[in-house]
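> Okay, so here is upload_22.pdb, and as you'll see once you scroll down, it has PDB, C-alpha atoms.
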MODEL        1
ATOM      1  CA  MET A 139      18.815-139.862  50.239
ATOM      2  CA  ALA A 140      16.794-138.288  53.059
ATOM      3  CA  LEU A 141      14.802-135.163  52.206
ATOM      4  CA  ILE A 142      16.783-133.128  54.761
ATOM      5  CA  ASP A 143      19.997-133.917  52.847
ATOM      6  CA  LEU A 144      18.691-131.777  49.977
ATOM      7  CA  ALA A 145      19.115-128.720  52.232
ATOM      8  CA  ASN A 146      22.789-128.917  51.294
ATOM      9  CA  PRO A 147      23.196-127.082  47.940
ATOM     10  CA  SER A 148      25.924-129.474  46.719
ATOM     11  CA  ARG A 149      23.728-132.487  47.420
ATOM     12  CA  PHE A 150      20.798-130.704  45.808
ATOM     13  CA  LEU A 151      22.884-130.160  42.654
ATOM     14  CA  ALA A 152      23.749-133.878  42.583
ATOM     15  CA  PHE A 153      20.059-134.696  43.020
ATOM     16  CA  THR A 154      18.995-132.381  40.158
ATOM     17  CA  ALA A 155      21.621-133.930  37.862
ATOM     18  CA  ARG A 156      20.013-137.330  38.432
ATOM     19  CA  ALA A 157      16.363-136.244  38.504
ATOM     20  CA  LEU A 158      16.208-133.717  35.635
ATOM     21  CA  PRO A 159      16.536-136.149  32.676
ATOM     22  CA  TRP A 160      13.790-138.399  34.104
ATOM     23  CA  LEU A 161      11.475-135.492  34.882
ATOM     24  CA  ALA A 162      12.003-133.951  31.438
ATOM     25  CA  ALA A 163      11.350-137.302  29.723
ATOM     26  CA  ALA A 164       8.196-137.847  31.799
ATOM     27  CA  ALA A 165       6.978-134.330  30.873
ATOM     28  CA  VAL A 166       7.552-134.982  27.135
ATOM     29  CA  VAL A 167       5.665-138.316  27.277
ATOM     30  CA  ALA A 168       2.803-136.775  29.274
ATOM     31  CA  PHE A 169       2.511-133.869  26.800
ATOM     32  CA  ALA A 170       2.530-136.287  23.841
ATOM     33  CA  VAL A 171      -0.331-138.304  25.363
ATOM     34  CA  ALA A 172      -2.248-135.189  26.482
ATOM     35  CA  LEU A 173      -1.963-133.416  23.098
ATOM     36  CA  TYR A 174      -3.001-136.582  21.239
ATOM     37  CA  GLN A 175      -6.033-136.857  23.507
ATOM     38  CA  ALA A 176      -6.873-133.141  23.157
ATOM     39  CA  PHE A 177      -6.730-133.080  19.339
ATOM     40  CA  PHE A 178      -7.724-136.605  18.264
ATOM     41  CA  VAL A 179      -9.808-138.213  21.040
ATOM     42  CA  VAL A 180     -11.742-135.568  22.989
ATOM     43  CA  PRO A 181     -15.206-134.851  21.528
ATOM     44  CA  ASP A 182     -16.339-131.281  20.924
ATOM     45  CA  ASP A 183     -18.244-129.766  23.824
ATOM     46  CA  TYR A 184     -22.000-129.432  23.245
ATOM     47  CA  GLN A 185     -21.831-125.683  23.944
ATOM     48  CA  GLN A 186     -18.208-124.638  23.277
ATOM     49  CA  GLY A 187     -17.594-126.857  20.247
ATOM     50  CA  ALA A 188     -13.884-127.312  19.438
ATOM     51  CA  THR A 189     -12.882-124.259  21.501
ATOM     52  CA  VAL A 190     -12.993-126.577  24.506
ATOM     53  CA  LYS A 191      -9.465-127.537  23.375
ATOM     54  CA  ILE A 192      -8.264-124.145  24.678
ATOM     55  CA  MET A 193      -9.363-125.267  28.150
ATOM     56  CA  PHE A 194      -6.628-127.933  28.097
ATOM     57  CA  LEU A 195      -4.104-125.087  28.251
ATOM     58  CA  HIS A 196      -6.094-122.516  30.198
ATOM     59  CA  VAL A 197      -7.114-124.636  33.196
ATOM     60  CA  PRO A 198      -3.710-126.270  33.950
ATOM     61  CA  ALA A 199      -2.009-122.870  33.471
ATOM     62  CA  ALA A 200      -4.454-121.324  35.972
ATOM     63  CA  TRP A 201      -3.857-124.132  38.478
ATOM     64  CA  LEU A 202      -0.094-123.691  38.152
ATOM     65  CA  ALA A 203      -0.378-119.894  38.481
ATOM     66  CA  LEU A 204      -2.062-120.381  41.868
ATOM     67  CA  GLY A 205      -0.008-123.448  42.820
ATOM     68  CA  CYS A 206       3.262-121.649  42.138
ATOM     69  CA  TRP A 207       2.361-118.751  44.458
ATOM     70  CA  THR A 208       1.315-121.317  47.101
ATOM     71  CA  LEU A 209       4.700-123.008  46.715
ATOM     72  CA  MET A 210       6.453-119.630  47.006
ATOM     73  CA  SER A 211       4.435-118.891  50.168
ATOM     74  CA  ILE A 212       5.640-122.152  51.737
ATOM     75  CA  ALA A 213       9.186-121.254  50.649
ATOM     76  CA  ALA A 214       8.690-117.777  52.190
ATOM     77  CA  LEU A 215       7.902-119.462  55.512
ATOM     78  CA  GLY A 216      11.037-121.558  54.983
ATOM     79  CA  THR A 217      13.046-118.356  54.587
ATOM     80  CA  LEU A 218      11.519-116.382  57.460
ATOM     81  CA  VAL A 219      10.794-119.111  60.023
ATOM     82  CA  TRP A 220      13.059-122.094  59.394
ATOM     83  CA  ARG A 221      15.862-120.242  57.530
ATOM     84  CA  HIS A 222      16.150-123.146  55.110
ATOM     85  CA  PRO A 223      19.146-122.524  52.806
ATOM     86  CA  LEU A 224      17.246-123.484  49.663
ATOM     87  CA  ALA A 225      13.950-121.755  50.506
ATOM     88  CA  ASP A 226      14.679-118.400  48.879
ATOM     89  CA  VAL A 227      16.445-120.191  46.004
ATOM     90  CA  ALA A 228      13.173-122.060  45.357
ATOM     91  CA  ALA A 229      11.083-118.897  45.724
ATOM     92  CA  LYS A 230      13.253-116.855  43.369
ATOM     93  CA  SER A 231      13.372-119.659  40.781
ATOM     94  CA  ALA A 232       9.614-120.220  40.891
ATOM     95  CA  ALA A 233       8.637-116.550  40.380
ATOM     96  CA  PRO A 234       9.363-116.271  36.612
ATOM     97  CA  LEU A 235       7.699-119.646  36.029
ATOM     98  CA  GLY A 236       4.603-118.535  37.910
ATOM     99  CA  ALA A 237       4.529-115.289  35.926
ATOM    100  CA  ALA A 238       4.793-117.231  32.651
ATOM    101  CA  PHE A 239       1.957-119.623  33.528
ATOM    102  CA  THR A 240      -0.231-116.727  34.731
ATOM    103  CA  LEU A 241       0.406-114.944  31.430
ATOM    104  CA  LEU A 242      -0.522-118.132  29.547
ATOM    105  CA  CYS A 243      -3.697-118.391  31.628
ATOM    106  CA  LEU A 244      -4.645-114.794  30.766
ATOM    107  CA  LEU A 245      -3.791-115.155  27.063
ATOM    108  CA  THR A 246      -5.656-118.443  26.566
ATOM    109  CA  GLY A 247      -8.586-117.123  28.597
ATOM    110  CA  SER A 248      -8.820-114.106  26.308
ATOM    111  CA  LEU A 249      -8.563-116.272  23.194
ATOM    112  CA  TRP A 250     -11.356-118.481  24.532
ATOM    113  CA  GLY A 251     -13.445-115.516  25.686
ATOM    114  CA  ARG A 252     -13.599-113.788  22.285
ATOM    115  CA  PRO A 253     -15.529-116.559  20.485
ATOM    116  CA  MET A 254     -17.489-117.697  23.575
ATOM    117  CA  TRP A 255     -18.329-114.424  25.380
ATOM    118  CA  GLY A 256     -17.864-112.048  22.459
ATOM    119  CA  THR A 257     -15.030-110.184  24.176
ATOM    120  CA  TYR A 258     -11.343-110.689  24.948
ATOM    121  CA  TRP A 259     -11.626-109.085  28.375
ATOM    122  CA  VAL A 260     -14.081-108.004  31.040
ATOM    123  CA  TRP A 261     -13.212-106.465  34.393
ATOM    124  CA  ASP A 262     -14.987-109.157  36.379
ATOM    125  CA  ALA A 263     -13.701-110.444  39.720
ATOM    126  CA  ARG A 264     -11.992-113.616  38.474
ATOM    127  CA  LEU A 265     -10.180-112.030  35.519
ATOM    128  CA  THR A 266      -9.173-108.949  37.485
ATOM    129  CA  SER A 267      -7.855-110.929  40.477
ATOM    130  CA  VAL A 268      -5.752-113.121  38.146
ATOM    131  CA  LEU A 269      -4.412-109.970  36.455
ATOM    132  CA  VAL A 270      -3.496-108.704  39.947
ATOM    133  CA  LEU A 271      -1.668-112.011  40.533
ATOM    134  CA  PHE A 272       0.311-111.467  37.314
ATOM    135  CA  VAL A 273       1.243-107.922  38.375
ATOM    136  CA  MET A 274       2.326-109.284  41.784
ATOM    137  CA  TYR A 275       4.581-111.827  40.043
ATOM    138  CA  LEU A 276       6.137-108.967  38.047
ATOM    139  CA  GLY A 277       6.582-106.980  41.266
ATOM    140  CA  LEU A 278       8.412-109.914  42.875
ATOM    141  CA  LEU A 279      10.675-110.274  39.845
ATOM    142  CA  ALA A 280      11.470-106.543  40.031
ATOM    143  CA  LEU A 281      12.217-106.842  43.760
ATOM    144  CA  TRP A 282      14.633-109.749  43.211
ATOM    145  CA  ARG A 283      16.431-107.658  40.579
ATOM    146  CA  ALA A 284      16.452-104.446  42.639
ATOM    147  CA  VAL A 285      18.215-105.838  45.747
ATOM    148  CA  GLU A 286      21.730-107.070  45.038
ATOM    149  CA  ASP A 287      22.282-109.155  48.193
ATOM    150  CA  PRO A 288      20.329-112.445  47.764
ATOM    151  CA  ALA A 289      19.715-112.855  51.522
ATOM    152  CA  ARG A 290      18.201-109.355  51.898
ATOM    153  CA  ALA A 291      16.225-109.758  48.671
ATOM    154  CA  GLY A 292      14.995-113.152  49.900
ATOM    155  CA  HIS A 293      13.630-111.700  53.144
ATOM    156  CA  ALA A 294      11.871-108.804  51.412
ATOM    157  CA  ALA A 295      10.458-111.127  48.742
ATOM    158  CA  ALA A 296       9.263-113.586  51.411
ATOM    159  CA  VAL A 297       7.265-110.861  53.182
ATOM    160  CA  LEU A 298       5.778-109.645  49.885
ATOM    161  CA  THR A 299       4.914-113.225  48.895
ATOM    162  CA  LEU A 300       3.070-113.899  52.156
ATOM    163  CA  VAL A 301       1.145-110.622  51.857
ATOM    164  CA  GLY A 302       0.294-111.466  48.247
ATOM    165  CA  ALA A 303      -1.020-114.895  49.295
ATOM    166  CA  ILE A 304      -4.185-113.086  50.435
ATOM    167  CA  ASN A 305      -5.073-112.886  46.730
ATOM    168  CA  LEU A 306      -5.171-116.701  46.348
ATOM    169  CA  PRO A 307      -8.508-117.331  48.136
ATOM    170  CA  VAL A 308      -9.859-114.159  46.476
ATOM    171  CA  ILE A 309      -9.106-115.698  43.048
ATOM    172  CA  LYS A 310     -10.447-119.138  43.997
ATOM    173  CA  PHE A 311     -13.723-117.904  45.496
ATOM    174  CA  SER A 312     -14.208-114.811  43.303
ATOM    175  CA  VAL A 313     -16.722-116.717  41.178
ATOM    176  CA  ASP A 314     -18.741-117.533  44.316
ATOM    177  CA  PHE A 315     -18.494-114.152  46.095
ATOM    178  CA  TRP A 316     -19.309-111.980  43.098
ATOM    179  CA  ASN A 317     -21.559-112.215  40.073
ATOM    180  CA  THR A 318     -18.985-112.894  37.343
ATOM    181  CA  LEU A 319     -19.018-113.708  33.655
ATOM    182  CA  HIS A 320     -16.473-116.432  34.429
ATOM    183  CA  GLN A 321     -18.150-119.757  35.136
ATOM    184  CA  PRO A 322     -17.960-121.238  38.666
ATOM    185  CA  ALA A 323     -15.517-124.010  39.596
ATOM    186  CA  SER A 324     -16.185-127.206  37.654
ATOM    187  CA  VAL A 325     -13.322-129.488  38.740
ATOM    188  CA  LEU A 326     -12.056-128.531  42.226
ATOM    189  CA  ARG A 327     -15.426-128.175  43.954
ATOM    190  CA  VAL A 328     -17.449-129.677  46.770
ATOM    191  CA  GLY A 329     -19.611-132.398  45.268
ATOM    192  CA  GLY A 330     -17.048-133.415  42.656
ATOM    193  CA  PRO A 331     -16.343-132.341  39.076
ATOM    194  CA  THR A 332     -19.206-131.413  36.767
ATOM    195  CA  ILE A 333     -17.196-132.163  33.599
ATOM    196  CA  HIS A 334     -17.906-135.337  31.608
ATOM    197  CA  PRO A 335     -15.106-137.956  31.994
ATOM    198  CA  SER A 336     -14.431-137.821  28.222
ATOM    199  CA  ILE A 337     -13.089-134.292  28.757
ATOM    200  CA  LEU A 338     -12.095-134.468  32.428
ATOM    201  CA  VAL A 339      -9.598-137.360  32.084
ATOM    202  CA  PRO A 340      -7.607-135.737  29.204
ATOM    203  CA  LEU A 341      -7.702-132.447  31.136
ATOM    204  CA  LEU A 342      -6.151-134.154  34.169
ATOM    205  CA  ILE A 343      -3.499-135.799  31.947
ATOM    206  CA  MET A 344      -2.645-132.355  30.537
ATOM    207  CA  ALA A 345      -2.506-130.973  34.099
ATOM    208  CA  LEU A 346      -0.049-133.757  35.001
ATOM    209  CA  ALA A 347       2.077-132.815  31.969
ATOM    210  CA  PHE A 348       2.078-129.160  33.103
ATOM    211  CA  VAL A 349       3.089-130.162  36.642
ATOM    212  CA  LEU A 350       5.954-132.300  35.303
ATOM    213  CA  LEU A 351       7.079-129.415  33.067
ATOM    214  CA  PHE A 352       6.905-127.025  36.011
ATOM    215  CA  ALA A 353       8.900-129.407  38.249
ATOM    216  CA  THR A 354      11.547-129.828  35.526
ATOM    217  CA  LEU A 355      11.879-126.079  34.960
ATOM    218  CA  LEU A 356      11.867-125.326  38.690
ATOM    219  CA  LEU A 357      14.659-127.814  39.450
ATOM    220  CA  ALA A 358      16.696-126.498  36.500
ATOM    221  CA  ALA A 359      16.151-122.864  37.547
ATOM    222  CA  MET A 360      17.096-123.704  41.179
ATOM    223  CA  ARG A 361      20.289-125.365  39.952
ATOM    224  CA  ASN A 362      21.062-122.203  37.944
ATOM    225  CA  GLU A 363      20.387-119.983  40.965
ATOM    226  CA  ILE A 364      22.763-122.020  43.176
ATOM    227  CA  LEU A 365      25.454-121.708  40.500
ATOM    228  CA  ARG A 366      24.741-117.946  40.196
ATOM    229  CA  ARG A 367      25.315-117.564  43.951
ATOM    230  CA  ARG A 368      28.579-119.458  43.641
ATOM    231  CA  VAL A 369      29.616-117.076  40.870
ATOM    232  CA  ARG A 370      28.673-114.143  43.112
ATOM    233  CA  SER A 371      30.708-115.451  46.076
ATOM    234  CA  MET A 372      33.705-116.024  43.776
ATOM    235  CA  ARG A 373      33.378-112.461  42.450
ATOM    236  CA  LEU A 374      33.410-111.177  46.034
ATOM    237  CA  LEU A 375      36.456-113.324  46.874
ATOM    238  CA  ARG A 376      38.295-112.004  43.844
ATOM    239  CA  ALA A 377      37.387-108.427  44.793
ATOM    240  CA  GLN A 378      38.573-109.013  48.388
ATOM    241  CA  ALA A 379      41.821-110.504  47.089
ATOM    242  CA  ALA A 380      42.318-107.490  44.804
ATOM    243  CA  LEU A 381      41.729-105.108  47.728
ATOM    244  CA  GLY A 382      44.172-107.047  49.940
ATOM    245  CA  ALA A 383      46.895-107.078  47.292
TER
ATOM    246  CA  MET B  20      -9.257-133.292  13.411
ATOM    247  CA  GLU B  21     -11.841-130.563  12.825
ATOM    248  CA  LEU B  22     -11.271-127.259  14.671
ATOM    249  CA  GLY B  23     -14.516-125.622  13.589
ATOM    250  CA  PRO B  24     -15.268-121.940  12.952
ATOM    251  CA  HIS B  25     -12.992-120.722  15.765
ATOM    252  CA  ALA B  26      -9.867-122.553  14.580
ATOM    253  CA  ALA B  27      -7.775-119.351  14.556
ATOM    254  CA  PHE B  28      -8.370-118.852  18.296
ATOM    255  CA  ILE B  29      -7.448-122.474  19.098
ATOM    256  CA  ILE B  30      -4.291-122.321  16.980
ATOM    257  CA  ALA B  31      -3.305-118.948  18.507
ATOM    258  CA  ALA B  32      -3.765-120.339  22.034
ATOM    259  CA  TYR B  33      -1.593-123.398  21.354
ATOM    260  CA  ALA B  34       0.988-121.276  19.516
ATOM    261  CA  ALA B  35       1.214-119.014  22.597
ATOM    262  CA  GLY B  36       1.625-122.104  24.800
ATOM    263  CA  VAL B  37       4.382-123.597  22.628
ATOM    264  CA  LEU B  38       6.183-120.236  22.385
ATOM    265  CA  LEU B  39       6.075-119.713  26.151
ATOM    266  CA  VAL B  40       7.370-123.234  26.882
ATOM    267  CA  LEU B  41      10.175-122.811  24.329
ATOM    268  CA  LEU B  42      11.129-119.458  25.877
ATOM    269  CA  LEU B  43      11.213-120.950  29.387
ATOM    270  CA  VAL B  44      13.282-123.967  28.296
ATOM    271  CA  GLY B  45      15.621-121.717  26.294
ATOM    272  CA  TRP B  46      16.003-119.403  29.299
ATOM    273  CA  VAL B  47      16.985-122.156  31.782
ATOM    274  CA  VAL B  48      19.375-123.809  29.297
ATOM    275  CA  ALA B  49      21.063-120.511  28.322
ATOM    276  CA  ASP B  50      21.302-119.437  31.975
ATOM    277  CA  TYR B  51      22.846-122.804  32.965
ATOM    278  CA  ARG B  52      25.480-122.534  30.227
ATOM    279  CA  ALA B  53      26.268-118.925  31.179
ATOM    280  CA  GLN B  54      26.790-119.820  34.867
ATOM    281  CA  LEU B  55      28.977-122.823  33.981
ATOM    282  CA  ARG B  56      31.049-120.649  31.621
ATOM    283  CA  THR B  57      31.590-117.999  34.312
ATOM    284  CA  LEU B  58      32.475-120.611  36.950
ATOM    285  CA  ALA B  59      34.981-122.237  34.580
ATOM    286  CA  GLU B  60      36.520-118.817  33.936
ATOM    287  CA  PHE B  61      36.968-118.228  37.685
ATOM    288  CA  GLU B  62      38.469-121.712  38.132
ATOM    289  CA  ARG B  63      40.922-120.943  35.322
ATOM    290  CA  GLN B  64      41.911-117.730  37.119
ATOM    291  CA  GLY B  65      42.524-119.719  40.317
ATOM    292  CA  VAL B  66      39.591-118.251  42.277
ATOM    293  CA  ALA B  67      37.990-120.917  44.520
ATOM    294  CA  ARG B  68      35.105-120.705  46.972
ATOM    295  CA  ARG B  69      36.066-121.157  50.614
ATOM    296  CA  SER B  70      33.633-124.089  50.932
ATOM    297  CA  ALA B  71      35.146-125.710  47.823
ATOM    298  CA  ALA B  72      38.707-125.661  49.194
ATOM    299  CA  PRO B  73      38.479-128.800  51.429
ATOM    300  CA  GLU B  74      36.893-130.764  48.561
ATOM    301  CA  ARG B  75      39.821-129.815  46.335
ATOM    302  CA  ASP B  76      42.370-130.511  49.067
ATOM    303  CA  ALA B  77      40.815-133.911  49.721
ATOM    304  CA  ALA B  78      40.935-134.714  46.028
TER
ENDMDL
END
Show how you would write the structure in this file as structure tokens.


Amino acid sequence: MALIDLANPSRFLAFTARALPWLAAAAVVAFAVALYQAFFVVPDDYQQGATVKIMFLHVPAAWLALGCWTLMSIAALGTLVWRHPLADVAAKSAAPLGAAFTLLCLLTGSLWGRPMWGTYWVWDARLTSVLVLFVMYLGLLALWRAVEDPARAGHAAAVLTLVGAINLPVIKFSVDFWNTLHQPASVLRVGGPTIHPSILVPLLIMALAFVLLFATLLLAAMRNEILRRRVRSMRLLRAQAALGA
Amino acid sequence: MELGPHAAFIIAAYAAGVLLVLLLVGWVVADYRAQLRTLAEFERQGVARRSAAPERDAA
């Protein structure tokens, strides 16, 4: 099946029916391996001790929080420029997932910060910009709910998403631009990762598990959204028929 | 497996992660079932989408 064929919602539904079980199984296996590594193989960090285990949730959740908004920005271009029929379906389905992973990033960061920094929260640039990202996700969710027509909601959400994308480089480089309590980048940085392979490799396996989970949930949520739009069009048809009768 | 003096924070973080994943999975599964139920109800009432008509005619 060519990628362009997936632009057809019916073909996309057939594709999700085939792909979802494999993706879900791959996510379960990846999580099993990653959690085993995190709890039984990874040594304690020389500074953080066992609390380094929180990083196996915090870092992949942070990557997905940013990655999800990036994906929604590409989908926003698909809606506004290419008018791809599945673009706003993807954007709408990704928003609650992005909000959930951003919330997990904030929660795990706080739970790591209390024993390591002595506080759950500080208003430094990195933490504040991620909180702004979470609020933007909530704003998008509210917008999708506020506008009844999916096409109109999709256009408004696409514009808001592209405007909100300005926050992504702010989050990424906040630890370089400002003097923050949050440590600088230690994996995605020029010069390579600064983390020892004994922790880096399990972290990357956990990140893979998160990506597989995200892909599974996104495909399932997109399938649900296509069905919801079918329900909506059938409701309209029934209403038209009732008016004509 | 030794979680050290900050075990409560580690357990709370993983509990939050598990809860969030369960909520997300529960949400997509419940939503899928709800949409299928509503579609089946419309089909039973004889309401069909315009784009679905040729498929049904062909079948």

> Got a sec to resolve the PyMOL selection byres ((chain B and resi 32-46) around 8) on this structure and send the residues as a CSV table (one decimal) with C-alpha atoms, in the coordinates of the input?


chain,number,residue,atom,x,y,z
A,192,ILE,CA,-8.3,-124.1,24.7
A,195,LEU,CA,-4.1,-125.1,28.3
A,235,LEU,CA,7.7,-119.6,36.0
A,238,ALA,CA,4.8,-117.2,32.7
A,242,LEU,CA,-0.5,-118.1,29.5
A,245,LEU,CA,-3.8,-115.2,27.1
A,246,THR,CA,-5.7,-118.4,26.6
A,249,LEU,CA,-8.6,-116.3,23.2
A,355,LEU,CA,11.9,-126.1,35.0
B,28,PHE,CA,-8.4,-118.9,18.3
B,29,ILE,CA,-7.4,-122.5,19.1
B,30,ILE,CA,-4.3,-122.3,17.0
B,31,ALA,CA,-3.3,-118.9,18.5
B,47,VAL,CA,17.0,-122.2,31.8
B,48,VAL,CA,19.4,-123.8,29.3
B,49,ALA,CA,21.1,-120.5,28.3
B,50,ASP,CA,21.3,-119.4,32.0

> Please list as a list in words every residue within 12 Å of Arg56 (chain B), counting all atoms listed in the file and excluding residues in the same chain fewer than 6 positions away.

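Final neighbour list, sorted by chain and number: Asn362, Leu365, Arg366 and Val369 of chain A; Ala49, Asp50, Glu62 and Arg63 of chain B.
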
> Evaluate the PyMOL selection byres ((chain A and resi 370) around 12) against this structure - the residues, as a list of chain:residue names, please.

A:Glu286, A:Asp287, A:Pro288, A:Glu363, A:Ile364, A:Leu365, A:Arg366, A:Arg367, A:Arg368, A:Val369, A:Ser371, A:Met372, A:Arg373, A:Leu374, A:Leu375, A:Arg376, A:Ala377, B:Gln54, B:Thr57, B:Leu58, B:Phe61, B:Val66, B:Ala67, B:Arg68

> Separation of CA of Gly216 (chain A) and CA of Gly236 (chain A), in Å?

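The value is 18.5 Å.
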
> Just the residues within 12 Å of Ile333 (chain A), please, counting only C-alpha atoms, with nothing from its chain fewer than 2 positions along; format it as a list of chain:residue names.

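Listed by chain and then number, they are A:Asp183, A:Tyr184, A:Val190, A:Met193, A:Ala323, A:Ser324, A:Val325, A:Leu326, A:Arg327, A:Gly329, A:Gly330, A:Pro331, A:Pro335, A:Ser336, A:Ile337, A:Leu338, A:Val339, A:Pro340, A:Leu341, A:Leu342.
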
> Quick one: of A:Lys310, A:Arg252, A:Arg149, A:His293, who's nearest to chain B, counting only C-alpha atoms?

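Result for the nearest residue to chain B: A:Arg252.
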
> Translate the PyMOL selection byres ((chain A and resi 206-208) around 12), as applied to the file shown, into an explicit residue set as a PyMOL selection string.

chain A and resi 198-205+209-215+228-240+268+271-272+274-275+278+295-296+298-307+309+348-349+352-353+356

> What's the separation between CA of Gly277 (chain A) and CA of Ala359 (chain A), in Å to one decimal place?

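Computing the Euclidean distance for CA of Gly277 (chain A) and CA of Ala359 (chain A) yields 18.9 Å.
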
> Have a look at A:Leu241, A:Ala294, A:Leu350, A:Leu265 and name the one nearest to chain B; count only C-alpha atoms.

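The answer is A:Leu241, which sits nearest to chain B.
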
> Quick one: pull the distance between CA of Trp261 (chain A) and CA of Gly247 (chain A), Å, one decimal.

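Separation of CA of Trp261 (chain A) and CA of Gly247 (chain A): 13.0 Å.
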